[in-house]
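Enquirer: Sharing a structure with you now.
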Amino acid sequence: MYSQPAIFVTSLAIAFTSGSIEKSPTTSDFMTSVVSVAGFSLGEYAALVYADALTFEDGVRLVKLRGEAMQTSADETLGSMITVIGLDDDKLNQLCLDAMAQVPSPSPSYSPNTISIANHLFPKGRVLSGHKSLVKWVSENATKPKYGAMMASELKKGGMDRMK
C-alpha cells in the first residue's frame, strides 16, 4: 500500500532525469525528444503522467487508491500469489487443474477454491493467483519432474506483518 506511491514517484524521477531525455533549448518541456512511453502495471500510471495524459497529483491519488484497494482485497480474502518460471501455458494450466483436484476445499461453504494465471510477465514467466492452499501446493510441486518449472516463488507477507 505504501510502496506503490514511492515506486510511482521514483519511476517518474528516473524518467525525467534520464540522460536519454534532452531538454529543448527553447522550452522547459522534457517531452520534446520522446516519441512514446509505456508502462506495465503500476508503471502504466507513471507512463501516463510522463506523457502528460494525467497530472502528477492525479497520478499520486490514483496510485494511492490502487494500493489501498489492493491491500483491502488481500486482507479480505484467503488468496495468495506465486510466480512460476519455465512452463508454457498448457503445462501451467494443467498444474492449476492438478492443484484444484489434489487440494480439498477449505470449507464446504467456500467455493472459490481456484487458482489460475493472473499475469503474463514474460515468455514462460507467469503469476498465478488463487486460494493460499492451492498456491502452497503449486509451490511444493511446480519444480518436480512431472511439471518441470525452473522456479516457483510464493509471495511472502511475513515481513510486512512484522512491520505493523
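Just so we're on the same page: first chain in the C-alpha cells is A, next is B, and so on; residues restart at 1 for each chain, and ligands are numbered from 1 in the order they show up.
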Residues at most 12 Å from segment 91-93 of chain A, counting only C-alpha atoms, excluding those fewer than 2 positions away in the same chain, as number ranges by chain?
Expert: A: 82-89, 95-100, 114-118, 120, 124-128, 138, 141-143, 146-149, 152
Enquirer: Limited to N, CA and C atoms, could you put the picked residues into a file as a short mmCIF file (atom, residue, chain, number, x, y, z; two decimals), in the first residue's frame?
Expert:
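Printed below is out.cif as written:
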data_model
loop_
_atom_site.label_atom_id
_atom_site.label_comp_id
_atom_site.auth_asym_id
_atom_site.auth_seq_id
_atom_site.Cartn_x
_atom_site.Cartn_y
_atom_site.Cartn_z
N ILE A 82 1.77 -16.52 -6.70
CA ILE A 82 3.04 -17.21 -6.88
C ILE A 82 3.54 -16.95 -8.30
N THR A 83 4.83 -16.73 -8.44
CA THR A 83 5.44 -16.60 -9.76
C THR A 83 6.02 -17.94 -10.14
N VAL A 84 5.70 -18.39 -11.35
CA VAL A 84 6.22 -19.65 -11.87
C VAL A 84 6.97 -19.35 -13.16
N ILE A 85 8.19 -19.83 -13.25
CA ILE A 85 9.04 -19.59 -14.42
C ILE A 85 9.43 -20.91 -15.06
N GLY A 86 9.32 -20.95 -16.40
CA GLY A 86 9.81 -22.08 -17.16
C GLY A 86 8.76 -23.02 -17.71
N LEU A 87 7.48 -22.69 -17.59
CA LEU A 87 6.43 -23.56 -18.13
C LEU A 87 5.61 -22.83 -19.18
N ASP A 88 5.22 -23.55 -20.24
CA ASP A 88 4.30 -22.94 -21.19
C ASP A 88 2.91 -22.93 -20.56
N ASP A 89 2.00 -22.18 -21.16
CA ASP A 89 0.67 -22.01 -20.55
C ASP A 89 -0.12 -23.31 -20.44
N LEU A 95 -1.03 -27.74 -14.30
CA LEU A 95 -0.58 -27.64 -12.91
C LEU A 95 -1.71 -27.08 -12.04
N CYS A 96 -2.39 -26.05 -12.53
CA CYS A 96 -3.51 -25.46 -11.79
C CYS A 96 -4.65 -26.46 -11.61
N LEU A 97 -4.99 -27.16 -12.67
CA LEU A 97 -6.05 -28.18 -12.59
C LEU A 97 -5.68 -29.28 -11.61
N ASP A 98 -4.43 -29.71 -11.64
CA ASP A 98 -3.98 -30.74 -10.71
C ASP A 98 -4.05 -30.25 -9.26
N ALA A 99 -3.68 -29.01 -9.05
CA ALA A 99 -3.75 -28.44 -7.69
C ALA A 99 -5.19 -28.44 -7.19
N MET A 100 -6.11 -28.02 -8.06
CA MET A 100 -7.52 -27.97 -7.65
C MET A 100 -8.08 -29.37 -7.40
N THR A 114 -9.97 -21.89 -6.29
CA THR A 114 -9.40 -21.92 -7.63
C THR A 114 -8.01 -21.30 -7.65
N ILE A 115 -7.29 -21.60 -8.72
CA ILE A 115 -6.00 -20.98 -8.99
C ILE A 115 -5.88 -20.89 -10.51
N SER A 116 -5.36 -19.77 -10.98
CA SER A 116 -5.24 -19.58 -12.42
C SER A 116 -4.18 -18.54 -12.73
N ILE A 117 -3.85 -18.43 -14.02
CA ILE A 117 -2.88 -17.42 -14.46
C ILE A 117 -3.50 -16.04 -14.26
N ALA A 118 -2.77 -15.18 -13.57
CA ALA A 118 -3.24 -13.82 -13.30
C ALA A 118 -2.47 -12.78 -14.09
N HIS A 120 0.87 -12.23 -17.13
CA HIS A 120 1.91 -12.70 -18.05
C HIS A 120 3.10 -11.75 -17.90
N LYS A 124 7.07 -17.66 -20.75
CA LYS A 124 7.22 -18.71 -19.74
C LYS A 124 7.46 -18.15 -18.33
N GLY A 125 6.98 -16.95 -18.09
CA GLY A 125 7.01 -16.35 -16.76
C GLY A 125 5.63 -15.84 -16.43
N ARG A 126 4.98 -16.48 -15.47
CA ARG A 126 3.59 -16.14 -15.15
C ARG A 126 3.41 -15.98 -13.64
N VAL A 127 2.42 -15.20 -13.29
CA VAL A 127 1.98 -15.10 -11.90
C VAL A 127 0.64 -15.82 -11.82
N LEU A 128 0.53 -16.69 -10.83
CA LEU A 128 -0.73 -17.37 -10.56
C LEU A 128 -1.37 -16.74 -9.33
N VAL A 138 1.10 -25.59 -5.38
CA VAL A 138 1.88 -25.27 -6.58
C VAL A 138 3.34 -25.02 -6.20
N ASN A 141 5.05 -28.30 -5.77
CA ASN A 141 5.02 -29.28 -6.86
C ASN A 141 5.50 -28.77 -8.22
N ALA A 142 5.52 -27.49 -8.44
CA ALA A 142 5.83 -26.95 -9.77
C ALA A 142 7.20 -27.34 -10.29
N THR A 143 8.19 -27.44 -9.42
CA THR A 143 9.55 -27.75 -9.87
C THR A 143 9.85 -29.25 -9.90
N LYS A 146 7.49 -33.94 -12.88
CA LYS A 146 6.20 -34.04 -13.58
C LYS A 146 5.86 -32.74 -14.31
N TYR A 147 6.21 -31.59 -13.70
CA TYR A 147 5.88 -30.29 -14.29
C TYR A 147 7.12 -29.60 -14.87
N GLY A 148 8.22 -29.62 -14.13
CA GLY A 148 9.49 -29.13 -14.65
C GLY A 148 9.70 -27.63 -14.67
N ALA A 149 9.04 -26.89 -13.80
CA ALA A 149 9.28 -25.45 -13.74
C ALA A 149 10.70 -25.18 -13.27
N ALA A 152 9.55 -21.56 -8.74
CA ALA A 152 8.22 -21.19 -8.26
C ALA A 152 8.43 -20.43 -6.96
#
Enquirer: Could you state the separation of atom CA of Ser153 of chain A and atom CA of Ser11 of chain A in Å, given to one decimal place?
Expert: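 Distance between the two atoms: 25.0 Å.
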Enquirer: Between A:Thr55, A:Thr10, A:Ser36, A:Gln4, which is the closest to Ala69 of chain A once you count only C-alpha atoms?
Expert: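 Nearest candidate to Ala69 of chain A out of A:Thr55, A:Thr10, A:Ser36, A:Gln4: A:Gln4.
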Enquirer: Point out the residue among A:Val60, A:Ala15, A:Tyr2, A:Val135 with the least atom-to-atom distance to Ala38 of chain A, counting only C-alpha atoms.
Expert: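 Smallest separation from Ala38 of chain A among the options: A:Ala15.
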Enquirer: Point out the residue among A:Ser3, A:Met151, A:Leu78, A:Gly59 with the least atom-to-atom distance to Leu134 of chain A, counting only C-alpha atoms.
Expert: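 Of A:Ser3, A:Met151, A:Leu78, A:Gly59, the one nearest Leu134 of chain A is A:Leu78, counting only C-alpha atoms.
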Enquirer: So the first atom is atom CA of Asp58 of chain A and the second is atom CA of Met70 of chain A; what is the distance between them in Å, to one decimal place?
Expert: 18.1 Å
Enquirer: One number please: atom CA of Pro104 of chain A to atom CA of Met81 of chain A, in Å, one decimal.
Expert: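 We find that atom CA of Pro104 of chain A and atom CA of Met81 of chain A lie 18.4 Å from each other.
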Enquirer: Per DSSP on the backbone, what are the alpha helix (DSSP H) residues of segment 47-108 of chain A, as number ranges by chain?
Expert: A: 47-50, 56-76, 89-102
Enquirer: Compare A:Ser80, A:Gln71, A:Thr17, A:Asn119 by their minimum atom-to-atom distance to Glu154 of chain A, counting only C-alpha atoms, and give me the closest one.
Expert: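 The answer is A:Ser80, which sits nearest to Glu154 of chain A.
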